[in-house]
>>> print(open('structure.cif').read())   # mmCIF, C-alpha atoms
data_upload
loop_
_atom_site.group_PDB
_atom_site.id
_atom_site.type_symbol
_atom_site.label_atom_id
_atom_site.label_comp_id
_atom_site.auth_asym_id
_atom_site.auth_seq_id
_atom_site.Cartn_x
_atom_site.Cartn_y
_atom_site.Cartn_z
ATOM 1 C CA MET A 1 85.526 93.914 92.988
ATOM 2 C CA ILE A 2 87.887 96.382 94.636
ATOM 3 C CA ARG A 3 86.306 99.750 95.385
ATOM 4 C CA GLN A 4 88.171 103.074 95.341
ATOM 5 C CA GLU A 5 87.366 103.764 99.009
ATOM 6 C CA GLU A 6 89.129 100.507 100.008
ATOM 7 C CA VAL A 7 92.521 101.650 98.685
ATOM 8 C CA TYR A 8 94.785 104.680 98.730
ATOM 9 C CA LYS A 9 97.338 105.849 96.212
ATOM 10 C CA ILE A 10 100.969 105.145 97.056
ATOM 11 C CA GLY A 11 102.649 106.012 93.766
ATOM 12 C CA VAL A 12 102.928 105.489 90.028
ATOM 13 C CA PHE A 13 104.905 103.089 87.873
ATOM 14 C CA ASN A 14 107.318 104.955 85.626
ATOM 15 C CA LYS A 15 108.787 102.566 83.064
ATOM 16 C CA PRO A 16 110.338 99.128 82.794
ATOM 17 C CA HIS A 17 113.781 98.648 84.316
ATOM 18 C CA GLY A 18 115.917 96.083 82.537
ATOM 19 C CA ILE A 19 114.646 93.178 80.470
ATOM 20 C CA HIS A 20 113.107 90.882 83.106
ATOM 21 C CA GLY A 21 109.875 92.765 83.833
ATOM 22 C CA GLU A 22 111.065 94.914 86.708
ATOM 23 C CA LEU A 23 109.344 98.303 87.057
ATOM 24 C CA SER A 24 110.540 101.624 88.363
ATOM 25 C CA MET A 25 108.009 103.218 90.723
ATOM 26 C CA THR A 26 107.887 106.705 92.190
ATOM 27 C CA PHE A 27 106.169 106.426 95.550
ATOM 28 C CA THR A 28 104.488 109.016 97.729
ATOM 29 C CA ASP A 29 103.951 106.611 100.625
ATOM 30 C CA ASP A 30 106.698 104.333 101.922
ATOM 31 C CA VAL A 31 104.163 101.806 103.223
ATOM 32 C CA PHE A 32 106.648 98.981 102.560
ATOM 33 C CA ASP A 33 108.811 100.303 105.405
ATOM 34 C CA ARG A 34 105.901 99.766 107.797
ATOM 35 C CA VAL A 35 103.890 96.807 106.456
ATOM 36 C CA ASP A 36 104.774 93.569 104.686
ATOM 37 C CA GLY A 37 102.483 93.950 101.707
ATOM 38 C CA GLU A 38 102.047 90.929 99.444
ATOM 39 C CA TYR A 39 100.339 92.805 96.643
ATOM 40 C CA VAL A 40 99.630 96.213 95.154
ATOM 41 C CA ILE A 41 96.585 97.373 93.258
ATOM 42 C CA CYS A 42 96.926 99.053 89.878
ATOM 43 C CA LEU A 43 94.423 101.208 88.044
ATOM 44 C CA MET A 44 94.244 99.418 84.676
ATOM 45 C CA ASP A 45 91.771 100.795 82.131
ATOM 46 C CA GLY A 46 89.634 102.295 84.897
ATOM 47 C CA ILE A 47 89.518 99.085 86.960
ATOM 48 C CA LEU A 48 91.434 98.402 90.185
ATOM 49 C CA VAL A 49 93.372 95.163 89.670
ATOM 50 C CA PRO A 50 95.559 93.401 92.299
ATOM 51 C CA PHE A 51 99.061 92.190 91.384
ATOM 52 C CA PHE A 52 101.235 90.070 93.650
ATOM 53 C CA ILE A 53 104.710 91.388 94.389
ATOM 54 C CA GLU A 54 107.555 89.029 93.604
ATOM 55 C CA GLU A 55 110.176 91.369 95.054
ATOM 56 C CA TYR A 56 111.059 95.037 95.450
ATOM 57 C CA ARG A 57 114.014 97.135 96.499
ATOM 58 C CA PHE A 58 114.405 100.790 97.281
ATOM 59 C CA ARG A 59 116.448 102.782 94.791
ATOM 60 C CA SER A 60 116.204 106.190 96.488
ATOM 61 C CA ASP A 61 114.026 107.925 99.059
ATOM 62 C CA SER A 62 111.238 108.297 96.475
ATOM 63 C CA THR A 63 111.866 105.497 93.960
ATOM 64 C CA LEU A 64 111.805 101.737 94.160
ATOM 65 C CA LEU A 65 112.169 98.867 91.714
ATOM 66 C CA MET A 66 109.375 96.292 91.824
ATOM 67 C CA LYS A 67 108.969 92.921 90.151
ATOM 68 C CA LEU A 68 105.354 91.789 89.833
ATOM 69 C CA ASP A 69 104.435 88.121 89.657
ATOM 70 C CA ARG A 70 103.903 86.926 86.055
ATOM 71 C CA VAL A 71 105.386 90.078 84.521
ATOM 72 C CA ASP A 72 108.621 88.648 83.139
ATOM 73 C CA THR A 73 109.655 90.763 80.151
ATOM 74 C CA ALA A 74 110.196 94.446 79.421
ATOM 75 C CA GLU A 75 107.374 94.225 76.875
ATOM 76 C CA GLU A 76 104.917 92.940 79.515
ATOM 77 C CA ALA A 77 106.125 95.603 81.937
ATOM 78 C CA ARG A 78 105.548 98.433 79.413
ATOM 79 C CA ARG A 79 101.790 98.164 79.864
ATOM 80 C CA PHE A 80 102.315 99.425 83.451
ATOM 81 C CA THR A 81 104.016 102.676 82.363
ATOM 82 C CA ASN A 82 102.307 105.650 84.075
ATOM 83 C CA VAL A 83 99.871 103.348 85.893
ATOM 84 C CA GLU A 84 98.754 104.544 89.338
ATOM 85 C CA VAL A 85 99.613 102.176 92.211
ATOM 86 C CA TYR A 86 97.389 101.748 95.259
ATOM 87 C CA PHE A 87 97.588 99.875 98.550
ATOM 88 C CA PRO A 88 94.638 98.376 100.468
ATOM 89 C CA LYS A 89 93.618 100.436 103.488
ATOM 90 C CA GLN A 90 92.793 97.235 105.353
ATOM 91 C CA GLU A 91 96.425 96.098 105.070
ATOM 92 C CA ALA A 92 97.538 99.449 106.496
ATOM 93 C CA GLU A 93 95.295 99.057 109.557
ATOM 94 C CA GLU A 94 98.290 98.080 111.685
ATOM 95 C CA VAL A 95 100.159 101.278 110.821
ATOM 96 C CA PRO A 96 100.146 103.724 113.760
ATOM 97 C CA GLU A 97 98.213 106.925 113.039
ATOM 98 C CA GLU A 98 101.341 109.069 113.276
ATOM 99 C CA ASP A 99 102.900 107.064 110.401
ATOM 100 C CA LEU A 100 99.952 107.422 107.999
ATOM 101 C CA THR A 101 100.395 109.617 104.946
ATOM 102 C CA TRP A 102 97.811 112.190 103.863
ATOM 103 C CA SER A 103 96.767 110.110 100.859
ATOM 104 C CA PHE A 104 95.486 107.440 103.266
ATOM 105 C CA PHE A 105 92.578 109.751 104.165
ATOM 106 C CA ILE A 106 91.208 110.107 100.627
ATOM 107 C CA GLY A 107 87.700 108.679 100.804
ATOM 108 C CA TYR A 108 87.293 109.586 104.473
ATOM 109 C CA ILE A 109 84.514 111.853 105.735
ATOM 110 C CA LEU A 110 85.938 115.065 107.227
ATOM 111 C CA GLU A 111 84.265 116.202 110.401
ATOM 112 C CA ASP A 112 84.965 119.436 112.261
ATOM 113 C CA LEU A 113 84.684 119.442 116.066
ATOM 114 C CA HIS A 114 82.683 122.665 115.962
ATOM 115 C CA THR A 115 80.487 122.466 112.845
ATOM 116 C CA GLY A 116 80.089 118.703 112.384
ATOM 117 C CA GLU A 117 80.383 116.784 109.128
ATOM 118 C CA VAL A 118 81.974 118.876 106.369
ATOM 119 C CA GLY A 119 82.186 116.480 103.420
ATOM 120 C CA LYS A 120 84.206 113.733 101.769
ATOM 121 C CA ILE A 121 87.956 114.031 101.190
ATOM 122 C CA THR A 122 88.342 113.358 97.471
ATOM 123 C CA ASP A 123 91.939 114.375 96.733
ATOM 124 C CA LEU A 124 95.063 116.167 97.909
ATOM 125 C CA ASP A 125 96.370 119.496 96.649
ATOM 126 C CA THR A 126 100.161 119.492 96.836
ATOM 127 C CA THR A 127 100.741 122.493 94.565
ATOM 128 C CA THR A 128 101.549 124.692 97.559
ATOM 129 C CA PRO A 129 104.162 124.195 100.299
ATOM 130 C CA ASN A 130 101.343 123.073 102.625
ATOM 131 C CA THR A 131 99.351 119.992 101.655
ATOM 132 C CA LEU A 132 95.599 120.570 101.479
ATOM 133 C CA PHE A 133 92.699 118.140 101.590
ATOM 134 C CA VAL A 134 90.251 118.604 98.718
ATOM 135 C CA VAL A 135 86.831 118.138 100.331
ATOM 136 C CA GLU A 136 83.616 117.731 98.366
ATOM 137 C CA THR A 137 80.830 119.506 100.240
ATOM 138 C CA PRO A 138 77.172 120.003 99.290
ATOM 139 C CA SER A 139 78.120 123.564 98.277
ATOM 140 C CA GLY A 140 81.167 122.588 96.211
ATOM 141 C CA GLU A 141 84.851 121.947 96.668
ATOM 142 C CA LEU A 142 86.657 123.146 99.804
ATOM 143 C CA LEU A 143 90.389 123.152 100.574
ATOM 144 C CA VAL A 144 91.350 122.283 104.153
ATOM 145 C CA PRO A 145 94.898 122.305 105.555
ATOM 146 C CA ALA A 146 96.277 118.805 106.195
ATOM 147 C CA HIS A 147 98.221 119.286 109.408
ATOM 148 C CA GLU A 148 98.831 116.984 112.377
ATOM 149 C CA ALA A 149 98.058 119.720 114.896
ATOM 150 C CA LEU A 150 94.500 120.010 113.545
ATOM 151 C CA ILE A 151 93.631 116.306 113.860
ATOM 152 C CA ALA A 152 91.385 115.567 116.830
ATOM 153 C CA GLY A 153 90.723 111.922 116.025
ATOM 154 C CA VAL A 154 90.632 109.178 113.411
ATOM 155 C CA ASP A 155 87.904 106.567 113.161
ATOM 156 C CA ARG A 156 89.293 103.982 110.736
ATOM 157 C CA LYS A 157 86.306 101.672 111.072
ATOM 158 C CA HIS A 158 83.845 104.343 109.909
ATOM 159 C CA MET A 159 86.394 106.181 107.728
ATOM 160 C CA ARG A 160 86.066 109.516 109.516
ATOM 161 C CA LEU A 161 88.728 112.141 110.134
ATOM 162 C CA VAL A 162 87.838 114.531 112.952
ATOM 163 C CA MET A 163 89.651 117.864 112.880
ATOM 164 C CA ASP A 164 89.676 120.928 115.118
ATOM 165 C CA LEU A 165 89.629 123.502 112.338
ATOM 166 C CA PRO A 166 90.335 127.197 112.907
ATOM 167 C CA GLU A 167 87.277 129.380 113.371
ATOM 168 C CA GLY A 168 86.134 130.904 110.105
ATOM 169 C CA LEU A 169 87.678 128.223 107.886
ATOM 170 C CA ILE A 170 84.387 126.350 107.644
ATOM 171 C CA ASP A 171 81.176 128.274 107.100
ATOM 172 C CA PRO A 172 78.648 126.667 109.498
ATOM 173 C CA ASP A 173 76.066 126.836 106.681
ATOM 174 C CA LEU A 174 78.287 124.485 104.615
ATOM 175 C CA ALA A 175 78.163 121.683 107.161
ATOM 176 C CA VAL A 176 76.290 118.562 106.128
ATOM 177 C CA GLU A 177 72.951 118.170 107.854
ATOM 178 C CA GLU A 178 72.937 115.178 110.197
ATOM 179 C CA SER A 179 69.916 112.939 109.623
#
>>> encode(input="structure.cif", output="structure tokens")
Amino acid sequence: MIRQEEVYKIGVFNKPHGIHGELSMTFTDDVFDRVDGEYVICLMDGILVPFFIEEYRFRSDSTLLMKLDRVDTAEEARRFTNVEVYFPKQEAEEVPEEDLTWSFFIGYILEDLHTGEVGKITDLDTTTPNTLFVVETPSGELLVPAHEALIAGVDRKHMRLVMDLPEGLIDPDLAVEES
């Protein structure tokens, strides 16, 4: 069974394209420019399900057309409309850190150099010009700026993102107690 922490969201299928099962997909991560992925994972009825890619081609800088194996008609493709598309983090291991997108870090533990473990990154907030990590802490939700200059280190093996956050952003009393 595929677990949510093993994947990260790369886009959403929009609607069928043509009559042969091809799907239009809006992507937020151009992972296919960096890795030869053989499959994607779709959130179908609350379950993460892998689907092999037959072929894909970029349509614009944010849209691609994808043909999934064994999806051969527009009718079969319609069941993928508005379905979230994920990519396995393990397959993205070879991607250099500077090429990772912010969505890759969902599921990671955020740690501050000064206060220690802050909490788990559960989502991104892109409603403002600056992307923010949504971090679940013991005291509730916290928004933290997602910016390259703040990253002090990434531990992919242990799924930890270490940041050097500005003083005052994290209340030291909010930090998770180390056991």
>>> residues_around(input="structure.cif", residues="Phe80 in chain A", least_positions_apart="5", cutoff="8 Å", atoms="all atoms listed in the file", output="PyMOL selection string")
chain A and resi 13-15+23
>>> write_last_selection(input="structure.cif", atoms="C-alpha atoms", output="compact mmCIF listing (two decimals), in the coordinates of the input")
# COMPACT_ATOMS: atom_id res chain seq x y z
CA PHE A 13 104.90 103.09 87.87
CA ASN A 14 107.32 104.96 85.63
CA LYS A 15 108.79 102.57 83.06
CA LEU A 23 109.34 98.30 87.06
>>> atom_distance(input="structure.cif", atom1="CA of Glu117 in chain A", atom2="CA of Gly153 in chain A")
13.3 Å
>>> residues_around(input="structure.cif", residues="Asn130 in chain A", least_positions_apart="2", cutoff="12 Å", atoms="all atoms listed in the file", output="list in words")
Trp102, Leu124, Asp125, Thr126, Thr127, Thr128, Leu132, Phe133, Leu143, Val144, Pro145, Ala146, His147 and Glu148 of chain A
>>> residues_around(input="structure.cif", residues="Phe104 in chain A", least_positions_apart="4", cutoff="8 Å", atoms="all atoms listed in the file", output="list of chain:residue names")
A:Val7, A:Tyr8, A:Lys9, A:Lys89, A:Leu100
>>> closest_residue(input="structure.cif", among="A:Ile19, A:Val83, A:Leu161, A:Ile10", to="Gly107 in chain A", atoms="only C-alpha atoms")
A:Leu161
